[in-house]
file entry-v3.txt (compact mmCIF, C-alpha atoms and all ligand atoms)
# COMPACT_ATOMS: atom_id res chain seq x y z
CA MET L 275 0.00 0.00 0.00
CA LYS L 276 1.50 3.24 -1.18
CA VAL L 277 1.84 6.26 1.10
CA LEU L 278 -0.27 8.09 -1.48
CA THR L 279 -3.15 5.73 -0.64
CA LEU L 280 -2.87 6.58 3.08
CA ASN L 281 -3.87 10.11 2.09
CA PHE L 282 -7.25 8.76 0.96
CA LEU L 283 -8.09 6.47 3.90
CA THR L 284 -9.95 7.15 7.12
CA CYS L 285 -11.67 5.19 9.89
CA ALA L 286 -14.51 2.91 8.73
CA VAL L 287 -16.56 3.60 11.88
CA LYS L 288 -19.48 5.83 10.91
CA ALA L 289 -19.34 7.91 14.09
CA CYS L 290 -15.69 8.77 13.39
CA LYS L 291 -16.32 10.23 9.93
CA SER L 292 -17.36 13.62 11.30
CA SER L 293 -14.33 13.89 13.61
CA SER L 294 -11.17 15.52 12.29
CA ASP L 295 -9.21 13.17 14.60
CA SER L 296 -10.04 10.19 12.37
CA PHE L 297 -7.94 11.45 9.45
CA PRO L 298 -5.28 10.65 8.60
CA LEU L 299 -4.97 7.22 10.20
CA HIS L 300 -1.75 6.81 12.15
CA PRO L 301 0.70 4.10 11.06
CA LYS L 302 1.94 1.91 13.91
CA ASP L 303 4.75 -0.66 13.79
CA ALA L 304 4.91 0.06 10.08
CA GLU L 305 7.23 -2.01 7.91
CA LEU L 306 8.06 -0.06 4.80
CA VAL L 307 9.58 -1.21 1.55
CA HIS L 308 10.92 0.86 -1.30
CA ASP L 309 10.09 0.06 -4.91
CA ASP L 310 11.96 1.62 -7.79
CA VAL L 311 9.32 3.17 -9.97
CA GLU L 312 9.99 5.44 -12.92
CA VAL L 313 9.02 9.03 -12.20
CA ASN L 314 5.76 10.07 -13.81
CA ALA L 315 5.85 13.82 -13.46
CA GLN L 316 2.55 14.32 -15.18
CA LEU L 317 0.65 12.00 -12.88
CA LEU L 318 2.16 13.56 -9.76
CA THR L 319 1.44 17.05 -11.01
CA ASN L 320 -2.12 16.11 -11.85
CA LEU L 321 -2.66 14.45 -8.48
CA LEU L 322 -1.27 17.39 -6.53
CA HIS L 323 -4.65 19.07 -6.14
CA ARG L 324 -6.21 15.86 -4.83
CA LEU L 325 -3.80 15.61 -1.88
CA ASP L 326 -4.61 16.68 1.66
CA TRP L 327 -1.22 18.26 2.28
CA LYS L 328 -1.62 18.69 6.02
CA ALA L 329 -2.48 15.02 6.42
CA LEU L 330 0.45 14.05 4.20
CA ARG L 331 2.84 16.06 6.39
CA THR L 332 1.58 14.17 9.44
CA THR L 333 1.95 10.80 7.71
CA ALA L 334 5.44 11.61 6.43
CA THR L 335 6.62 12.62 9.90
CA GLU L 336 5.06 9.55 11.52
CA LEU L 337 6.79 7.29 9.00
CA GLY L 338 10.14 8.91 9.75
CA PHE L 339 10.53 10.95 6.58
CA PRO L 340 12.09 14.44 6.66
CA ASP L 341 9.57 17.20 7.37
CA LEU L 342 7.63 18.33 4.34
CA PRO L 343 7.28 22.07 3.71
CA GLU L 344 4.28 23.71 5.34
CA THR L 345 2.51 24.36 2.09
CA ALA L 346 2.15 22.08 -0.90
CA PRO L 347 4.40 22.71 -3.89
CA THR L 348 2.69 24.27 -6.86
CA GLN L 349 2.57 22.70 -10.30
CA GLU L 350 5.32 25.15 -11.27
CA ASP L 351 7.49 24.01 -8.37
CA LEU L 352 7.23 20.45 -9.55
CA GLU L 353 8.01 21.37 -13.13
CA ASN L 354 11.04 23.48 -12.24
CA ASP L 355 12.51 21.70 -9.24
CA GLU L 356 13.60 18.17 -9.85
CA LYS L 357 14.47 17.49 -6.23
CA THR L 358 10.98 18.38 -4.98
CA LEU L 359 9.48 16.11 -7.61
CA LYS L 360 11.82 13.22 -6.80
CA ASP L 361 11.28 13.52 -3.05
CA LEU L 362 7.54 13.51 -3.49
CA HIS L 363 7.72 10.57 -5.89
CA ASN L 364 9.89 8.67 -3.44
CA LEU L 365 7.43 9.24 -0.59
CA LEU L 366 4.09 8.87 -2.37
CA ILE L 367 4.71 6.31 -5.10
CA GLU L 368 7.81 4.32 -4.20
CA THR L 369 7.23 3.84 -0.48
CA GLN L 370 4.90 1.00 0.46
CA MET L 371 3.56 0.02 3.85
CA MET L 372 3.59 -3.78 3.92
CA GLU L 373 2.94 -4.65 7.57
CA GLY L 374 1.72 -2.90 10.68
CA LYS L 375 -1.41 -1.15 11.81
CA LEU L 376 -3.39 1.94 10.97
CA VAL L 377 -4.82 3.58 14.08
CA CYS L 378 -7.82 5.90 14.28
CA GLY L 379 -7.09 8.96 16.39
CA HIS L 380 -10.75 9.27 17.35
CA CYS L 381 -11.93 5.78 18.42
CA GLY L 382 -8.51 4.17 18.79
CA HIS L 383 -9.40 1.20 16.60
CA GLU L 384 -6.39 -0.46 14.97
CA TYR L 385 -6.72 -1.79 11.43
CA ALA L 386 -4.24 -4.49 10.50
CA VAL L 387 -2.06 -4.20 7.41
CA ARG L 388 -0.68 -7.52 6.18
CA GLU L 389 1.27 -8.10 3.00
CA GLY L 390 0.33 -4.64 1.85
CA ILE L 391 -3.41 -5.09 2.38
CA ALA L 392 -5.29 -3.08 5.00
CA ASN L 393 -8.36 -4.76 6.46
CA PHE L 394 -11.18 -2.38 7.42
CA LEU L 395 -13.78 -4.97 8.41
CA LEU L 396 -15.14 -3.95 11.81
CA PRO L 397 -15.86 -6.13 14.82
CA THR L 398 -19.65 -6.30 15.39
CA HIS L 399 -19.61 -3.89 18.34
CA LEU L 400 -18.25 -1.11 16.11
CA VAL L 401 -20.62 -1.57 13.17
CA MET Y 130 -25.12 -28.18 -16.85
CA SER Y 131 -27.21 -31.14 -15.77
CA SER Y 132 -30.76 -31.00 -14.42
CA PRO Y 133 -32.71 -27.75 -14.58
CA THR Y 134 -31.99 -25.37 -11.76
CA PRO Y 135 -34.62 -25.67 -9.04
CA ALA Y 136 -36.28 -22.48 -7.92
CA HIS Y 137 -34.32 -21.08 -5.02
CA GLN Y 138 -35.94 -18.28 -3.22
CA PRO Y 139 -34.66 -16.86 0.01
CA GLN Y 140 -36.90 -16.65 3.05
CA PRO Y 141 -37.66 -13.28 4.65
CA GLN Y 142 -34.81 -12.41 6.98
CA SER Y 143 -34.73 -11.14 10.53
CA ASP Y 144 -30.99 -10.40 10.33
CA PRO Y 145 -30.05 -9.23 6.83
CA ALA Y 146 -26.36 -8.72 7.71
CA LEU Y 147 -26.06 -12.31 8.92
CA TYR Y 148 -28.02 -13.50 5.90
CA GLU Y 149 -25.60 -11.74 3.54
CA SER Y 150 -22.65 -13.08 5.44
CA LEU Y 151 -23.87 -16.63 4.84
CA ASN Y 152 -25.30 -16.24 1.35
CA VAL Y 153 -22.91 -13.75 -0.21
CA HIS Y 154 -19.60 -13.33 1.68
CA ASN Y 155 -19.09 -16.98 2.57
CA VAL Y 156 -19.84 -18.00 -0.98
CA TYR Y 157 -17.34 -15.57 -2.48
CA SER Y 158 -14.71 -16.79 -0.01
CA GLN Y 159 -15.14 -20.30 -1.30
CA ILE Y 160 -15.48 -19.61 -5.01
CA ALA Y 161 -12.94 -16.74 -5.23
CA PRO Y 162 -10.26 -18.38 -7.40
CA HIS Y 163 -12.80 -19.95 -9.73
CA PHE Y 164 -14.88 -16.77 -9.86
CA SER Y 165 -11.80 -14.74 -10.61
CA GLN Y 166 -10.89 -16.89 -13.61
CA THR Y 167 -14.17 -15.95 -15.23
CA ARG Y 168 -13.88 -12.23 -14.58
CA HIS Y 169 -11.13 -10.77 -16.68
CA LYS Y 170 -12.86 -8.91 -19.43
CA PRO Y 171 -13.89 -5.38 -18.50
CA TRP Y 172 -17.35 -4.34 -19.64
CA PRO Y 173 -17.09 -1.65 -22.35
CA LEU Y 174 -19.42 0.80 -20.66
CA VAL Y 175 -17.41 0.70 -17.43
CA SER Y 176 -14.12 0.99 -19.31
CA ASN Y 177 -15.41 3.97 -21.26
CA PHE Y 178 -16.49 5.63 -18.01
CA LEU Y 179 -13.01 5.12 -16.56
CA LEU Y 180 -11.27 6.33 -19.70
CA SER Y 181 -13.40 9.48 -19.77
CA GLN Y 182 -12.00 10.66 -16.41
CA PRO Y 183 -9.43 13.48 -16.58
CA PRO Y 184 -5.77 12.58 -15.85
CA GLY Y 185 -4.90 12.81 -12.16
CA SER Y 186 -8.44 12.03 -11.01
CA LEU Y 187 -8.91 10.08 -7.81
CA GLY Y 188 -11.29 7.16 -8.20
CA LEU Y 189 -12.70 4.37 -6.05
CA ASP Y 190 -13.80 0.92 -7.21
CA ILE Y 191 -16.13 -0.33 -4.47
CA GLY Y 192 -16.51 -4.09 -4.68
CA CYS Y 193 -13.57 -4.36 -7.06
CA GLY Y 194 -13.42 -8.17 -6.88
CA ASN Y 195 -10.28 -9.38 -8.63
CA GLY Y 196 -9.48 -5.84 -9.71
CA LYS Y 197 -10.13 -6.13 -13.42
CA TYR Y 198 -10.98 -2.41 -13.70
CA LEU Y 199 -8.01 -1.10 -11.73
CA ASP Y 200 -5.61 -0.95 -14.67
CA VAL Y 201 -7.98 0.30 -17.37
CA ASN Y 202 -6.91 3.95 -17.17
CA PRO Y 203 -3.30 4.39 -15.99
CA ALA Y 204 -3.69 8.19 -15.90
CA VAL Y 205 -6.06 8.08 -12.90
CA TYR Y 206 -5.37 6.91 -9.35
CA LEU Y 207 -7.95 4.22 -8.66
CA LEU Y 208 -8.26 2.52 -5.27
CA GLY Y 209 -10.14 -0.76 -4.98
CA SER Y 210 -11.98 -2.22 -2.01
CA ASP Y 211 -13.91 -5.45 -1.58
CA ARG Y 212 -15.66 -7.30 1.23
CA SER Y 213 -13.84 -10.52 0.30
CA PRO Y 214 -10.25 -10.83 1.57
CA GLU Y 215 -9.80 -13.74 -0.84
CA LEU Y 216 -10.73 -11.65 -3.88
CA ILE Y 217 -8.57 -8.74 -2.70
CA ARG Y 218 -5.60 -11.08 -2.38
CA LEU Y 219 -6.22 -12.23 -5.96
CA ALA Y 220 -6.52 -8.63 -7.12
CA LEU Y 221 -3.10 -7.92 -5.66
CA GLU Y 222 -1.48 -11.10 -6.98
CA GLU Y 223 -2.87 -10.68 -10.47
CA GLY Y 224 -1.91 -7.02 -10.49
CA ALA Y 225 1.70 -7.89 -9.71
CA ASP Y 226 2.49 -9.05 -13.22
CA ARG Y 227 0.54 -6.31 -14.90
CA LYS Y 228 1.37 -2.69 -15.45
CA SER Y 229 1.04 -0.29 -12.57
CA ALA Y 230 -2.13 1.78 -12.50
CA VAL Y 231 -0.01 4.66 -11.29
CA ASP Y 232 2.50 5.15 -14.03
CA GLY Y 233 2.43 2.24 -16.45
CA SER Y 234 5.63 0.73 -15.13
CA LYS Y 235 5.85 -2.74 -13.68
CA ALA Y 236 5.20 -2.32 -9.99
CA ARG Y 237 4.16 -4.15 -6.88
CA GLY Y 238 0.47 -4.88 -7.20
CA ARG Y 239 -2.46 -2.59 -7.04
CA GLU Y 240 -3.90 -0.33 -4.38
CA VAL Y 241 -6.60 -2.39 -2.69
CA CYS Y 242 -8.07 -2.94 0.75
CA VAL Y 243 -10.70 -5.07 2.45
CA ALA Y 244 -13.83 -3.17 3.47
CA ASP Y 245 -17.58 -3.54 3.85
CA GLY Y 246 -19.75 -1.51 1.49
CA LEU Y 247 -21.68 -0.10 4.45
CA ALA Y 248 -18.53 0.83 6.39
CA LEU Y 249 -16.11 2.27 3.87
CA PRO Y 250 -12.74 3.70 4.93
CA PHE Y 251 -12.81 6.61 2.50
CA PRO Y 252 -13.13 10.24 3.63
CA ALA Y 253 -16.31 11.96 2.47
CA GLY Y 254 -16.20 14.09 -0.65
CA ARG Y 255 -12.63 13.37 -1.72
CA ALA Y 256 -13.04 11.13 -4.75
CA ASP Y 257 -13.61 12.49 -8.25
CA PHE Y 258 -15.50 9.39 -9.28
CA VAL Y 259 -16.68 6.03 -7.98
CA ILE Y 260 -17.60 2.78 -9.71
CA SER Y 261 -19.48 -0.11 -8.12
CA VAL Y 262 -20.08 -2.94 -10.52
CA ALA Y 263 -22.25 -5.95 -9.61
CA VAL Y 264 -22.20 -5.18 -5.89
CA VAL Y 265 -25.32 -3.36 -4.67
CA HIS Y 266 -27.58 -6.24 -5.77
CA HIS Y 267 -26.02 -8.42 -3.05
CA PHE Y 268 -27.61 -6.40 -0.22
CA SER Y 269 -30.74 -8.21 0.88
CA THR Y 270 -33.11 -5.39 1.85
CA ARG Y 271 -34.08 -2.20 0.07
CA GLU Y 272 -32.98 -0.18 3.09
CA ARG Y 273 -29.48 -1.63 2.88
CA ARG Y 274 -29.28 -1.20 -0.90
CA VAL Y 275 -30.23 2.47 -0.58
CA GLU Y 276 -27.72 2.83 2.25
CA ALA Y 277 -25.02 1.25 0.07
CA VAL Y 278 -25.73 3.76 -2.72
CA ARG Y 279 -25.70 6.59 -0.14
CA ARG Y 280 -22.20 5.50 0.98
CA LEU Y 281 -21.00 5.56 -2.63
CA LEU Y 282 -22.42 9.05 -3.12
CA GLU Y 283 -20.77 10.26 0.10
CA CYS Y 284 -17.34 9.38 -1.28
CA VAL Y 285 -17.44 11.77 -4.23
CA ARG Y 286 -16.98 15.53 -4.26
CA GLY Y 287 -19.91 17.69 -5.35
CA GLY Y 288 -20.44 16.98 -9.04
CA GLY Y 289 -18.35 13.81 -8.89
CA LYS Y 290 -19.89 10.88 -10.73
CA VAL Y 291 -20.88 7.47 -9.37
CA LEU Y 292 -21.42 4.57 -11.79
CA VAL Y 293 -23.54 1.74 -10.38
CA TYR Y 294 -24.17 -1.54 -12.18
CA VAL Y 295 -26.68 -4.16 -11.00
CA TRP Y 296 -28.19 -7.34 -12.39
CA ALA Y 297 -31.52 -6.88 -14.13
CA LEU Y 298 -34.71 -8.84 -13.63
CA GLU Y 299 -35.56 -8.31 -17.28
CA GLN Y 300 -33.20 -10.70 -19.02
CA GLY Y 301 -35.62 -12.70 -21.09
CA SER Y 302 -32.98 -13.51 -23.67
CA SER Y 303 -30.48 -15.07 -21.24
CA ARG Y 304 -30.31 -18.71 -20.25
CA ARG Y 305 -31.39 -17.85 -16.70
CA GLY Y 306 -34.82 -17.00 -18.00
CA TRP Y 307 -35.84 -14.38 -15.48
CA ASP Y 308 -38.14 -11.67 -16.72
CA GLU Y 309 -40.49 -8.89 -15.83
CA GLY Y 310 -42.95 -9.73 -13.08
CA MET Y 311 -40.92 -12.56 -11.56
CA GLU Y 312 -39.62 -12.82 -8.00
CA GLN Y 313 -36.73 -10.36 -7.59
CA ASP Y 314 -34.94 -11.97 -4.64
CA GLN Y 315 -33.10 -15.05 -5.86
CA LEU Y 316 -30.46 -17.52 -4.85
CA VAL Y 317 -28.34 -18.06 -7.93
CA PRO Y 318 -26.29 -21.22 -8.27
CA TRP Y 319 -22.54 -21.14 -8.88
CA VAL Y 320 -21.23 -24.50 -10.00
CA MET Y 321 -17.65 -25.28 -9.15
CA ARG Y 322 -15.59 -28.37 -9.62
CA ARG Y 323 -13.95 -29.49 -6.37
CA ASN Y 324 -10.20 -29.16 -5.91
CA GLN Y 325 -10.13 -26.36 -8.43
CA PRO Y 326 -6.49 -25.56 -9.09
CA LYS Y 327 -5.77 -22.15 -7.59
CA LYS Y 328 -3.97 -20.71 -10.57
CA ASN Y 329 -5.06 -21.48 -14.06
CA LYS Y 330 -5.64 -18.25 -15.84
CA ASP Y 331 -5.89 -19.49 -19.41
CA ARG Y 332 -8.72 -21.85 -18.81
CA ASP Y 333 -12.17 -20.44 -19.32
CA ARG Y 334 -15.22 -21.34 -17.33
CA LYS Y 335 -16.99 -23.38 -20.00
CA GLU Y 336 -14.05 -25.68 -20.29
CA VAL Y 337 -13.98 -26.20 -16.57
CA GLU Y 338 -17.67 -26.90 -16.38
CA GLY Y 339 -17.47 -29.20 -19.36
CA GLU Y 340 -14.84 -31.47 -17.90
CA GLU Y 341 -16.24 -34.87 -17.20
CA GLY Y 342 -15.66 -37.11 -14.25
CA LYS Y 343 -14.98 -34.28 -11.85
CA GLU Y 344 -17.05 -33.76 -8.77
CA GLU Y 345 -19.03 -30.55 -8.87
CA LYS Y 346 -20.17 -28.41 -6.00
CA THR Y 347 -22.95 -25.88 -6.23
CA PHE Y 348 -22.99 -22.69 -4.17
CA GLN Y 349 -25.99 -20.40 -3.88
CA ARG Y 350 -25.42 -16.65 -3.95
CA TYR Y 351 -28.11 -14.16 -3.01
CA TYR Y 352 -29.11 -11.53 -5.58
CA HIS Y 353 -31.74 -8.86 -5.72
CA LEU Y 354 -32.62 -8.59 -9.40
CA TYR Y 355 -33.45 -5.00 -10.25
CA ARG Y 356 -36.55 -4.18 -12.21
CA LYS Y 357 -36.60 -1.33 -14.70
CA GLY Y 358 -36.42 2.05 -12.95
CA GLU Y 359 -35.65 0.62 -9.52
CA LEU Y 360 -31.97 1.57 -9.46
CA GLU Y 361 -32.88 5.18 -10.24
CA GLU Y 362 -35.42 5.09 -7.39
CA ASP Y 363 -32.73 3.84 -5.01
CA VAL Y 364 -30.35 6.60 -6.14
CA VAL Y 365 -32.99 9.27 -5.50
CA SER Y 366 -33.82 7.74 -2.09
CA ALA Y 367 -30.11 7.90 -1.27
CA GLY Y 368 -30.09 11.63 -1.99
CA GLY Y 369 -28.49 11.40 -5.41
CA THR Y 370 -29.37 12.74 -8.81
CA VAL Y 371 -29.50 10.47 -11.84
CA VAL Y 372 -27.41 11.85 -14.70
CA ASP Y 373 -27.65 8.95 -17.08
CA SER Y 374 -28.87 5.37 -17.04
CA GLY Y 375 -29.49 2.39 -19.25
CA PHE Y 376 -29.44 -1.35 -19.84
CA GLU Y 377 -26.43 -3.35 -20.97
CA ARG Y 378 -25.95 -7.12 -21.10
CA ASP Y 379 -28.65 -8.11 -18.59
CA ASN Y 380 -27.69 -5.26 -16.26
CA TRP Y 381 -29.18 -1.91 -15.32
CA TRP Y 382 -26.66 0.88 -14.86
CA THR Y 383 -26.86 4.45 -13.75
CA VAL Y 384 -24.50 7.40 -13.41
CA ALA Y 385 -25.40 9.52 -10.39
CA THR Y 386 -24.14 12.65 -8.66
CA ARG Y 387 -24.85 14.25 -5.33
CA PRO Y 388 -25.71 17.89 -4.72
ZN ZN P 501 -12.42 5.57 14.44
call {"tool": "encode", "arguments": {"input": "entry-v3.txt", "output": "structure tokens"}}
result
Amino acid sequence: MKVLTLNFLTCAVKACKSSSDSFPLHPKDAELVHDDVEVNAQLLTNLLHRLDWKALRTTATELGFPDLPETAPTQEDLENDEKTLKDLHNLLIETQMMEGKLVCGHCGHEYAVREGIANFLLPTHLV
Amino acid sequence: MSSPTPAHQPQPQSDPALYESLNVHNVYSQIAPHFSQTRHKPWPLVSNFLLSQPPGSLGLDIGCGNGKYLDVNPAVYLLGSDRSPELIRLALEEGADRKSAVDGSKARGREVCVADGLALPFPAGRADFVISVAVVHHFSTRERRVEAVRRLLECVRGGGKVLVYVWALEQGSSRRGWDEGMEQDQLVPWVMRRNQPKKNKDRDRKEVEGEEGKEEKTFQRYYHLYRKGELEEDVVSAGGTVVDSGFERDNWWTVATRP
């Protein structure tokens, strides 16, 4: 599961959806792997406006990556600054969470991640 | 196929979630590899919908099964979820030797997770589009089907499109023989040979069914067969607006948005 995907996941518990504490989910005991993937500048640039940058900063820090700038790079930044593009590519596309847990900051529920697959099925008391 | 299929009709249920767990989820768990072998060809209408999305769009495939739609448009970022861990595992395995949905390069698998259609892990209003193909008809009450459509609609931003595909009651030309006016709640048999080899991608279903001397096992899956206009009614009840709809290959489909 790519770090990019973590930017689009929240707690599956209905009551948590309205709480800002439920997003992003917090990685715990995360085992990361790095895949070499060719840079696709166009895709990253196009996806830029879909990202929740604040949540991505939190995720990056929690996964042990260097702090991201406070504001998202612009399309121009990505086009003109190869390092920014490469760093973002490395974090979002090449970094995969293979094992560990994703924890909701609102209800505390921990979702298991095994072999790159997160399982969001809820125990009956949380449905 | 041997003797004619007996009429299987489900009894009214006091616990629809438990009923679906027994008559939908458990069945998919057991038939997953066999089911997956028969589900590789994307339907043109769904593919065209995916290909019409602007580059860089964020999409969700709710009930993605073995993930056959995840690679259709490499210019969009499409996340898949399914209630069946077995099918999600297959989606990941089969994606591993295909091209990445992210950038067309060979990459580790696809972006998939296990989730229930009524408890999705996606933040409200973030996706540009959603597809849900052959999924909503597995919920066993109208209330739950409307709720399922509502959850799909919640995932998209204002103006974002949701494509829903369900099995039609009106399929007079198919071998199943259902048609207008018949019972809409059905248990539909899935015939599987025992000890099905886990990986055998080149073999099609007819061949498997046609093999002689192998023991067959029949599973019953619950379906609600939609009558004409019913899917649109469900969309409206879920707070959505119907943008487009139609009939294709024994299925009703609709494209919906939310305000
Ligand atoms: Zn929660």
call {"tool": "residues_near_ligand", "arguments": {"input": "entry-v3.txt", "ligand": "ligand ZN 501 (chain P)", "cutoff": "7 Å", "atoms": "all atoms listed in the file", "output": "list in words"}}
result
Cys285, Ala286, Val287, Cys290, Ser296, Cys378, Gly379, His380, Cys381, Gly382 and His383 of chain L
call {"tool": "residues_around", "arguments": {"input": "entry-v3.txt", "residues": "region 337-354 of chain L", "least_positions_apart": "5", "cutoff": "10 Å", "atoms": "only C-alpha atoms", "output": "list in words"}}
result
Val277, His300, Pro301, Lys302, Asp303, Ala304, Glu305, Leu306, Ala315, Gln316, Leu318, Thr319, Asn320, Leu321, Leu322, His323, Leu325, Asp326, Trp327, Lys328, Leu330, Arg331, Thr332, Leu359, Lys360, Asp361, Leu362, Leu365 and Met371 of chain L
call {"tool": "interface_residues", "arguments": {"input": "entry-v3.txt", "of": "chain Y", "to": "chain L", "cutoff": "6 Å", "atoms": "all atoms listed in the file", "output": "number ranges by chain"}}
result
Y: 185, 232, 240, 242-244, 248-252
call {"tool": "atom_distance", "arguments": {"input": "entry-v3.txt", "atom1": "CA of Gly209 (chain Y)", "atom2": "CA of Asp144 (chain Y)"}}
result
27.6 Å
call {"tool": "closest_residue", "arguments": {"input": "entry-v3.txt", "among": "Y:Pro388, Y:Lys357, Y:Asn380, Y:Tyr206", "to": "Leu366 (chain L)", "atoms": "all atoms listed in the file"}}
result
Y:Tyr206
call {"tool": "atom_distance", "arguments": {"input": "entry-v3.txt", "atom1": "CA of Phe348 (chain Y)", "atom2": "CA of Val320 (chain Y)"}}
result
6.4 Å
call {"tool": "closest_residue", "arguments": {"input": "entry-v3.txt", "among": "L:Val377, L:Thr369, L:His363, L:Pro397", "to": "Leu299 (chain L)", "atoms": "only C-alpha atoms"}}
result
L:Val377
call {"tool": "residues_around", "arguments": {"input": "entry-v3.txt", "residues": "Glu299 (chain Y)", "least_positions_apart": "2", "cutoff": "8 Å", "atoms": "only C-alpha atoms", "output": "JSON, numbers by chain"}}
result
{"Y": [297, 301, 307, 308, 309, 356, 357, 379]}
call {"tool": "residues_around", "arguments": {"input": "entry-v3.txt", "residues": "region 217-225 of chain Y", "least_positions_apart": "5", "cutoff": "9 Å", "atoms": "all atoms listed in the file", "output": "VMD selection string"}}
result
(chain L and resid 390 to 391) or (chain Y and resid 161 to 162 165 193 to 197 199 to 200 209 to 212 235 to 243)
call {"tool": "residues_around", "arguments": {"input": "entry-v3.txt", "residues": "Val285 (chain Y)", "least_positions_apart": "3", "cutoff": "6 Å", "atoms": "all atoms listed in the file", "output": "list in words"}}
result
Gly254, Arg255, Ala256, Asp257, Phe258, Leu282 and Gly289 of chain Y
call {"tool": "atom_distance", "arguments": {"input": "entry-v3.txt", "atom1": "CA of Leu207 (chain Y)", "atom2": "CA of Ala253 (chain Y)"}}
result
15.9 Å
call {"tool": "residues_near_point", "arguments": {"input": "entry-v3.txt", "point": "(-29.8, -8.9, -0.8)", "cutoff": "6 Å", "atoms": "all atoms listed in the file", "output": "PyMOL selection string"}}
result
chain Y and resi 267-270+351-353
call {"tool": "residues_near_point", "arguments": {"input": "entry-v3.txt", "point": "(-0.1, -5.5, 13.4)", "cutoff": "6 Å", "atoms": "all atoms listed in the file", "output": "list in words"}}
result
Gly374, Lys375 and Ala386 of chain L
call {"tool": "decode", "arguments": {"input": "entry-v3.txt", "residues": "region 302-317 of chain L", "atoms": "N, CA and C atoms", "output": "PDB file, in the first residue's frame"}}
result
ATOM      1  N   LYS L 302       1.308   2.416  12.696  1.00  0.00           N
ATOM      2  CA  LYS L 302       1.942   1.911  13.913  1.00  0.00           C
ATOM      3  C   LYS L 302       2.702   0.648  13.547  1.00  0.00           C
ATOM      4  N   ASP L 303       3.897   0.492  14.102  1.00  0.00           N
ATOM      5  CA  ASP L 303       4.752  -0.665  13.792  1.00  0.00           C
ATOM      6  C   ASP L 303       4.841  -0.897  12.283  1.00  0.00           C
ATOM      7  N   ALA L 304       4.956   0.184  11.538  1.00  0.00           N
ATOM      8  CA  ALA L 304       4.913   0.060  10.079  1.00  0.00           C
ATOM      9  C   ALA L 304       6.209  -0.500   9.521  1.00  0.00           C
ATOM     10  N   GLU L 305       6.081  -1.521   8.673  1.00  0.00           N
ATOM     11  CA  GLU L 305       7.227  -2.014   7.913  1.00  0.00           C
ATOM     12  C   GLU L 305       7.104  -1.480   6.502  1.00  0.00           C
ATOM     13  N   LEU L 306       8.105  -0.698   6.117  1.00  0.00           N
ATOM     14  CA  LEU L 306       8.058  -0.060   4.801  1.00  0.00           C
ATOM     15  C   LEU L 306       9.006  -0.759   3.843  1.00  0.00           C
ATOM     16  N   VAL L 307       8.633  -0.783   2.580  1.00  0.00           N
ATOM     17  CA  VAL L 307       9.581  -1.208   1.553  1.00  0.00           C
ATOM     18  C   VAL L 307       9.643  -0.119   0.494  1.00  0.00           C
ATOM     19  N   HIS L 308      10.747  -0.133  -0.241  1.00  0.00           N
ATOM     20  CA  HIS L 308      10.917   0.855  -1.300  1.00  0.00           C
ATOM     21  C   HIS L 308      10.960   0.151  -2.650  1.00  0.00           C
ATOM     22  N   ASP L 309      10.093   0.588  -3.552  1.00  0.00           N
ATOM     23  CA  ASP L 309      10.090   0.056  -4.912  1.00  0.00           C
ATOM     24  C   ASP L 309      10.669   1.107  -5.848  1.00  0.00           C
ATOM     25  N   ASP L 310      11.507   0.658  -6.779  1.00  0.00           N
ATOM     26  CA  ASP L 310      11.958   1.617  -7.790  1.00  0.00           C
ATOM     27  C   ASP L 310      10.885   1.743  -8.855  1.00  0.00           C
ATOM     28  N   VAL L 311      10.344   2.914  -8.966  1.00  0.00           N
ATOM     29  CA  VAL L 311       9.316   3.173  -9.968  1.00  0.00           C
ATOM     30  C   VAL L 311       9.760   4.390 -10.770  1.00  0.00           C
ATOM     31  N   GLU L 312       9.611   4.312 -12.071  1.00  0.00           N
ATOM     32  CA  GLU L 312       9.986   5.438 -12.922  1.00  0.00           C
ATOM     33  C   GLU L 312       9.120   6.650 -12.596  1.00  0.00           C
ATOM     34  N   VAL L 313       9.758   7.817 -12.553  1.00  0.00           N
ATOM     35  CA  VAL L 313       9.018   9.031 -12.198  1.00  0.00           C
ATOM     36  C   VAL L 313       8.006   9.368 -13.296  1.00  0.00           C
ATOM     37  N   ASN L 314       6.773   9.598 -12.875  1.00  0.00           N
ATOM     38  CA  ASN L 314       5.758  10.072 -13.805  1.00  0.00           C
ATOM     39  C   ASN L 314       5.341  11.471 -13.360  1.00  0.00           C
ATOM     40  N   ALA L 315       6.038  12.444 -13.906  1.00  0.00           N
ATOM     41  CA  ALA L 315       5.853  13.825 -13.461  1.00  0.00           C
ATOM     42  C   ALA L 315       4.422  14.289 -13.704  1.00  0.00           C
ATOM     43  N   GLN L 316       3.885  13.862 -14.824  1.00  0.00           N
ATOM     44  CA  GLN L 316       2.548  14.323 -15.183  1.00  0.00           C
ATOM     45  C   GLN L 316       1.501  13.822 -14.191  1.00  0.00           C
ATOM     46  N   LEU L 317       1.625  12.557 -13.827  1.00  0.00           N
ATOM     47  CA  LEU L 317       0.652  12.002 -12.882  1.00  0.00           C
ATOM     48  C   LEU L 317       0.750  12.700 -11.529  1.00  0.00           C
TER      49      LEU L 317
END
